[in-house]
Amino acid sequence: MCGIVGYIGKRKKIYPVLLNGLKRLEYRGYDSAGIALVCGGKIVIKKKVGKIAELEKAVGKKLSTGELGIAHTRWATHGGVTDANAHPHFDCKKNIAIVHNGIIENYKVLKELLEREGHKFVTQTDSEVLAHLIEKYNDKVKDLAKATRMALKQVVGAYGLIVMSQYEPDKLVVARKGSPVAIGIGENEYLVASDATPILEYTKKVIYLDDEEIGIINHNGYKVVNLENNGVHKMINNLDWDIAMAEKSGFETFMLKEIFEQPESITNTLRGRVLAKEGEVKLGGLNLTDEELKRFKRIIITACGTSWHAALIGEYLIEELAKIPVEVEYASEFRYRSPLVDKETLMIAISQSGETTDTLFALREAKALGARTLGICNVVGSTIAREVDGGIYLHAGPEIGVASTKAFTSMVTALFLFAMHLAREKGLIEKSKAKKIISELLKVPDYVREILNLNDGIKTIARKYKDNKNFIYLGRGNNFPVALEGALKLKEISYIHAEGYPAAEMKHGPIALIDEDMPVVFIATRDKVYEKIMNNISEVKARQGKIIAVATENDNEIKKIANEVIFVPKTDELLYPILTSIPLQLLAYHIAKLKGCDVDKPRNLAKSVTVE
């Protein structure tokens, strides 16, 4: 869940390149940072607990030159948050340095073996084992790439790895298993990173390593081999993002920028996929014939976190429109039971990064059991995007803030498109009705702009409730997952305890918590369960709970009972979850900012969760 960066090439001052790369990866979450360069024939390492600014202070102006270097941001798993445990790590003789993402599951066995052979360890990490194991084989074969291959054959676990040696100062060795690695191909220079964001500034040509592949890079080029040293041909991907998309563009935080980008990100998800006059949705990347699509007996959607909430909304949409059973599974639980999956099952995996380890493993389990697979991802060329049979790219642009916002609404949009496409192919929606729904869908970006204009008013509400210690979020129907997502956003970035429930479930336990100090956020749009949720609001009001309602515009009835009301435009009730999620993002954002929290990099969280 941390970040790696590597550079080899023509530049004499590569420290700024590596440092800038680390800053681009800050959104992934970290607690320490470090850097290593070959300087004067020796590897020099500097590392420091805290933000990258602390590393900059420690380095000063000492590491400006060199043509080879690696850098890392660590999120502690094995061993405490200390300077020693930060990466990069040396071998015994300080000839080899490594940076590593992932977890080495058999590190204790390897460490005991190496210690018996005389290796001295100086950290508590699992990662240091890699440096010593590579050292062991490099002493024998005098070839860094071969030594790395030999070492990795003994490793159980996940790794995104960069290795360098002072004896081969014109070479970086890069490896991947379970933890993403991208190699940027520039003009006489190469950059390595956990994802494409540090690479964008220098080149848009990227290759992605697959599991158990090793990249060997020198000044003259690169090659990719597997652990058996067989050559692997890799397709070069052209990035469709630019560096401006990964900047704040005048906003105080990435999260706020991404909330305000949602009219454009939703439009990008829709672009080229909707035929309004025909009432049709065209999804060219599914790689399924219409007959194949109609033959599935059920659909399983698997995801984690915010993506799981989008999946729950997708369940409502697909069952309502396409009349096919849908199950939503936590990816982290899916492969540890005995899932009933066969060739008549379609598995949809949802992940913003396309690298979420739990989701990837669930996907592979379903494929092994015979299911066809689709992915809904934001990152082109990501592992899930490469391993599924087909899928839908979000085209939402880079999402840097750890708490997902624009990716969430793009996921829901993509799921709506899929549900409409499937329903039309099965003949379950008449053309006239489809045209009406699609007409509303195309208005959603403008509706979102209207909601964003309420930002100042939502900030005023946030100021009233920022000191409360607990929140409850309640919704019904397809707004119930929005309640879950709203509660998650508040927890993630403000550290206030919040729980989401189906509104009717409040009577079965949570109502015991209601008093004058408990804000209750209701998603109460004018839909088929409106009267039911108004009854739930009355129950909270009778117990002096503070009511914050997200409601449909011109709803005068709810204004009489709620303490605060945030109105969203009237639309088709299937589309409300996209609209109702926006005020909850802004509410969480402003509460967190008013409390002084770092909304872009909340504590203990990482953007891309690449370990189990």
# chains A, B, ... in the order shown; residues from 1 in each chain; ligands from 1
>>> residues_around(residues="A:Ile558", least_positions_apart="4", cutoff="12 Å", atoms="only C-alpha atoms", output="VMD selection string")
chain A and resid 522 to 526 530 to 531 533 to 538 541 547 to 554 562 to 567
>>> residues_around(residues="A:Thr77", least_positions_apart="6", cutoff="12 Å", atoms="only C-alpha atoms", output="NGL selection string")
:A and (1-2 or 30-31 or 85-86 or 101-105 or 124-127 or 604 or 611-612)
>>> write_last_selection(atoms="N, CA, C and O atoms", output="compact mmCIF listing (two decimals), in the first residue's frame")
# COMPACT_ATOMS: atom_id res chain seq x y z
N MET A 1 0.82 -1.20 0.00
CA MET A 1 0.00 0.00 0.00
C MET A 1 0.86 1.25 0.00
O MET A 1 0.38 2.36 0.13
N CYS A 2 2.16 1.05 -0.12
CA CYS A 2 3.08 2.17 -0.15
C CYS A 2 3.47 2.45 -1.60
O CYS A 2 2.91 1.91 -2.53
N TYR A 30 1.25 6.71 3.75
CA TYR A 30 2.60 6.32 4.17
C TYR A 30 2.92 6.93 5.51
O TYR A 30 2.23 7.85 5.98
N ASP A 31 3.94 6.39 6.17
CA ASP A 31 4.36 6.95 7.45
C ASP A 31 5.85 7.27 7.50
O ASP A 31 6.35 7.81 8.48
N ASN A 85 13.42 1.19 10.04
CA ASN A 85 12.49 0.32 9.32
C ASN A 85 12.03 0.92 7.99
O ASN A 85 11.44 0.22 7.17
N ALA A 86 12.27 2.21 7.80
CA ALA A 86 11.92 2.83 6.52
C ALA A 86 12.78 2.23 5.40
O ALA A 86 13.88 1.73 5.63
N ASN A 101 7.23 -3.09 -2.06
CA ASN A 101 5.82 -3.03 -1.64
C ASN A 101 5.32 -4.46 -1.48
O ASN A 101 5.71 -5.34 -2.24
N GLY A 102 4.39 -4.68 -0.56
CA GLY A 102 3.82 -6.01 -0.40
C GLY A 102 4.24 -6.63 0.92
O GLY A 102 4.79 -5.97 1.81
N ILE A 103 4.00 -7.92 1.05
CA ILE A 103 4.33 -8.66 2.27
C ILE A 103 5.00 -9.98 1.91
O ILE A 103 4.49 -10.72 1.06
N ILE A 104 6.13 -10.26 2.52
CA ILE A 104 6.81 -11.54 2.36
C ILE A 104 6.30 -12.49 3.45
O ILE A 104 6.67 -12.35 4.62
N GLU A 105 5.46 -13.41 3.09
CA GLU A 105 4.77 -14.24 4.08
C GLU A 105 5.71 -15.22 4.78
O GLU A 105 5.50 -15.57 5.94
N GLN A 124 13.27 -4.52 11.61
CA GLN A 124 12.23 -5.47 12.00
C GLN A 124 11.35 -5.86 10.82
O GLN A 124 10.37 -6.57 10.98
N THR A 125 11.67 -5.40 9.63
CA THR A 125 10.78 -5.56 8.48
C THR A 125 10.92 -6.93 7.83
O THR A 125 11.96 -7.59 7.93
N ASP A 126 9.87 -7.31 7.12
CA ASP A 126 9.95 -8.49 6.25
C ASP A 126 10.74 -8.17 4.99
O ASP A 126 11.40 -9.04 4.42
N SER A 127 10.72 -6.92 4.57
CA SER A 127 11.34 -6.53 3.29
C SER A 127 12.85 -6.70 3.28
O SER A 127 13.44 -7.03 2.24
N ASN A 604 -3.84 6.18 8.60
CA ASN A 604 -3.97 4.71 8.53
C ASN A 604 -4.58 4.18 7.23
O ASN A 604 -4.77 2.98 7.09
N VAL A 611 -2.34 -5.26 -0.40
CA VAL A 611 -2.02 -6.41 0.46
C VAL A 611 -3.32 -6.91 1.06
O VAL A 611 -4.30 -6.18 1.17
N GLU A 612 -3.33 -8.19 1.47
CA GLU A 612 -4.53 -8.73 2.10
C GLU A 612 -4.65 -8.21 3.53
O GLU A 612 -3.68 -7.97 4.20
>>> select_by_dssp(residues="stretch 341-406 of chain A", states="helix (DSSP H, G or I)", output="list of chain:residue names")
A:Thr357, A:Asp358, A:Thr359, A:Leu360, A:Phe361, A:Ala362, A:Leu363, A:Arg364, A:Glu365, A:Ala366, A:Lys367, A:Ala368, A:Thr383, A:Ile384, A:Ala385, A:Arg386, A:Glu387, A:Lys406
>>> write_last_selection(atoms="C-alpha atoms", output="PDB file, in the first residue's frame")
ATOM      1  CA  THR A 357      -5.587  -7.380  -4.023  1.00  0.00           C
ATOM      2  CA  ASP A 358      -8.722  -8.831  -2.417  1.00  0.00           C
ATOM      3  CA  THR A 359     -10.782  -8.031  -5.514  1.00  0.00           C
ATOM      4  CA  LEU A 360      -8.139  -9.478  -7.818  1.00  0.00           C
ATOM      5  CA  PHE A 361      -8.013 -12.741  -5.852  1.00  0.00           C
ATOM      6  CA  ALA A 362     -11.820 -13.007  -5.835  1.00  0.00           C
ATOM      7  CA  LEU A 363     -11.804 -12.474  -9.590  1.00  0.00           C
ATOM      8  CA  ARG A 364      -9.246 -15.222 -10.102  1.00  0.00           C
ATOM      9  CA  GLU A 365     -11.227 -17.591  -7.892  1.00  0.00           C
ATOM     10  CA  ALA A 366     -14.374 -17.004  -9.948  1.00  0.00           C
ATOM     11  CA  LYS A 367     -12.490 -17.534 -13.206  1.00  0.00           C
ATOM     12  CA  ALA A 368     -11.051 -20.790 -11.900  1.00  0.00           C
ATOM     13  CA  THR A 383      -4.088  -5.824 -13.431  1.00  0.00           C
ATOM     14  CA  ILE A 384      -7.839  -6.390 -13.089  1.00  0.00           C
ATOM     15  CA  ALA A 385      -8.425  -4.674 -16.427  1.00  0.00           C
ATOM     16  CA  ARG A 386      -5.943  -7.062 -18.055  1.00  0.00           C
ATOM     17  CA  GLU A 387      -7.237 -10.234 -16.412  1.00  0.00           C
ATOM     18  CA  LYS A 406     -15.644  10.965  -8.457  1.00  0.00           C
TER      19      LYS A 406
END
>>> closest_residue(among="A:Ile493, A:Ile259, A:Ala371, A:Val224", to="A:Asp210", atoms="only C-alpha atoms")
A:Val224
>>> atom_distance(atom1="atom CA of A:Thr580", atom2="atom CA of A:Asn378")
21.8 Å
>>> residues_around(residues="A:Gly279", least_positions_apart="4", cutoff="10 Å", atoms="only C-alpha atoms", output="list in words")
Val274, Leu275, Met420, His421, Arg424, Ile429, Glu430, Lys431, Ser432, Lys433, Ala434, Lys435, Lys436, Ile437, Ile438 and Ser439 of chain A
>>> write_last_selection(atoms="N, CA, C and O atoms", output="PDB file, in the first residue's frame")
ATOM      1  N   VAL A 274     -23.938   6.194 -25.105  1.00  0.00           N
ATOM      2  CA  VAL A 274     -25.378   6.397 -25.034  1.00  0.00           C
ATOM      3  C   VAL A 274     -25.897   6.879 -26.390  1.00  0.00           C
ATOM      4  O   VAL A 274     -25.381   7.849 -26.952  1.00  0.00           O
ATOM      5  N   LEU A 275     -26.899   6.179 -26.894  1.00  0.00           N
ATOM      6  CA  LEU A 275     -27.579   6.582 -28.126  1.00  0.00           C
ATOM      7  C   LEU A 275     -28.970   7.060 -27.714  1.00  0.00           C
ATOM      8  O   LEU A 275     -29.915   6.269 -27.586  1.00  0.00           O
ATOM      9  N   MET A 420     -28.894  -0.967 -18.074  1.00  0.00           N
ATOM     10  CA  MET A 420     -29.733  -0.561 -19.206  1.00  0.00           C
ATOM     11  C   MET A 420     -29.420  -1.383 -20.449  1.00  0.00           C
ATOM     12  O   MET A 420     -30.326  -1.828 -21.165  1.00  0.00           O
ATOM     13  N   HIS A 421     -28.145  -1.597 -20.690  1.00  0.00           N
ATOM     14  CA  HIS A 421     -27.737  -2.388 -21.854  1.00  0.00           C
ATOM     15  C   HIS A 421     -28.293  -3.807 -21.768  1.00  0.00           C
ATOM     16  O   HIS A 421     -28.865  -4.331 -22.732  1.00  0.00           O
ATOM     17  N   ARG A 424     -32.138  -3.844 -22.222  1.00  0.00           N
ATOM     18  CA  ARG A 424     -32.557  -3.637 -23.625  1.00  0.00           C
ATOM     19  C   ARG A 424     -32.279  -4.877 -24.467  1.00  0.00           C
ATOM     20  O   ARG A 424     -33.097  -5.266 -25.302  1.00  0.00           O
ATOM     21  N   ILE A 429     -37.280  -3.493 -21.583  1.00  0.00           N
ATOM     22  CA  ILE A 429     -37.660  -2.082 -21.538  1.00  0.00           C
ATOM     23  C   ILE A 429     -38.050  -1.628 -22.940  1.00  0.00           C
ATOM     24  O   ILE A 429     -37.275  -1.795 -23.891  1.00  0.00           O
ATOM     25  N   GLU A 430     -39.209  -1.057 -23.031  1.00  0.00           N
ATOM     26  CA  GLU A 430     -39.639  -0.524 -24.320  1.00  0.00           C
ATOM     27  C   GLU A 430     -38.797   0.689 -24.702  1.00  0.00           C
ATOM     28  O   GLU A 430     -38.279   1.401 -23.842  1.00  0.00           O
ATOM     29  N   LYS A 431     -38.694   0.910 -25.994  1.00  0.00           N
ATOM     30  CA  LYS A 431     -37.854   1.993 -26.494  1.00  0.00           C
ATOM     31  C   LYS A 431     -38.262   3.344 -25.902  1.00  0.00           C
ATOM     32  O   LYS A 431     -37.410   4.144 -25.503  1.00  0.00           O
ATOM     33  N   SER A 432     -39.564   3.608 -25.805  1.00  0.00           N
ATOM     34  CA  SER A 432     -40.026   4.905 -25.317  1.00  0.00           C
ATOM     35  C   SER A 432     -39.609   5.131 -23.864  1.00  0.00           C
ATOM     36  O   SER A 432     -39.167   6.221 -23.488  1.00  0.00           O
ATOM     37  N   LYS A 433     -39.724   4.083 -23.052  1.00  0.00           N
ATOM     38  CA  LYS A 433     -39.314   4.206 -21.647  1.00  0.00           C
ATOM     39  C   LYS A 433     -37.801   4.359 -21.531  1.00  0.00           C
ATOM     40  O   LYS A 433     -37.305   5.161 -20.739  1.00  0.00           O
ATOM     41  N   ALA A 434     -37.077   3.600 -22.356  1.00  0.00           N
ATOM     42  CA  ALA A 434     -35.619   3.688 -22.334  1.00  0.00           C
ATOM     43  C   ALA A 434     -35.152   5.093 -22.719  1.00  0.00           C
ATOM     44  O   ALA A 434     -34.231   5.643 -22.103  1.00  0.00           O
ATOM     45  N   LYS A 435     -35.779   5.662 -23.722  1.00  0.00           N
ATOM     46  CA  LYS A 435     -35.405   7.014 -24.151  1.00  0.00           C
ATOM     47  C   LYS A 435     -35.638   8.024 -23.027  1.00  0.00           C
ATOM     48  O   LYS A 435     -34.832   8.936 -22.819  1.00  0.00           O
ATOM     49  N   LYS A 436     -36.732   7.839 -22.284  1.00  0.00           N
ATOM     50  CA  LYS A 436     -37.041   8.760 -21.190  1.00  0.00           C
ATOM     51  C   LYS A 436     -35.999   8.657 -20.087  1.00  0.00           C
ATOM     52  O   LYS A 436     -35.520   9.679 -19.559  1.00  0.00           O
ATOM     53  N   ILE A 437     -35.648   7.420 -19.734  1.00  0.00           N
ATOM     54  CA  ILE A 437     -34.643   7.233 -18.673  1.00  0.00           C
ATOM     55  C   ILE A 437     -33.288   7.781 -19.105  1.00  0.00           C
ATOM     56  O   ILE A 437     -32.595   8.466 -18.345  1.00  0.00           O
ATOM     57  N   ILE A 438     -32.897   7.488 -20.349  1.00  0.00           N
ATOM     58  CA  ILE A 438     -31.603   7.953 -20.846  1.00  0.00           C
ATOM     59  C   ILE A 438     -31.568   9.479 -20.935  1.00  0.00           C
ATOM     60  O   ILE A 438     -30.541  10.109 -20.675  1.00  0.00           O
ATOM     61  N   SER A 439     -32.707  10.064 -21.273  1.00  0.00           N
ATOM     62  CA  SER A 439     -32.779  11.524 -21.305  1.00  0.00           C
ATOM     63  C   SER A 439     -32.450  12.106 -19.933  1.00  0.00           C
ATOM     64  O   SER A 439     -31.714  13.104 -19.817  1.00  0.00           O
TER      65      SER A 439
END
>>> residues_around(residues="stretch 337-354 of chain A", least_positions_apart="6", cutoff="7 Å", atoms="only C-alpha atoms", output="list in words")
Arg295, Phe296, Lys297, Arg298, Ile299, Ile300, Ile301, Thr302, Ala303, Ser307, Leu363, Ala366, Leu369, Gly370, Ala371, Arg372, Thr373, Leu374, Gly375, Ile376, Cys377, Asn378, Val379, Ser382, Thr383, Ile384, Ala385, Ala407 and Ser608 of chain A
>>> closest_residue(among="A:Pro481, A:Ser404, A:Ala423, A:Ser494", to="A:Phe254", atoms="only C-alpha atoms")
A:Ser404
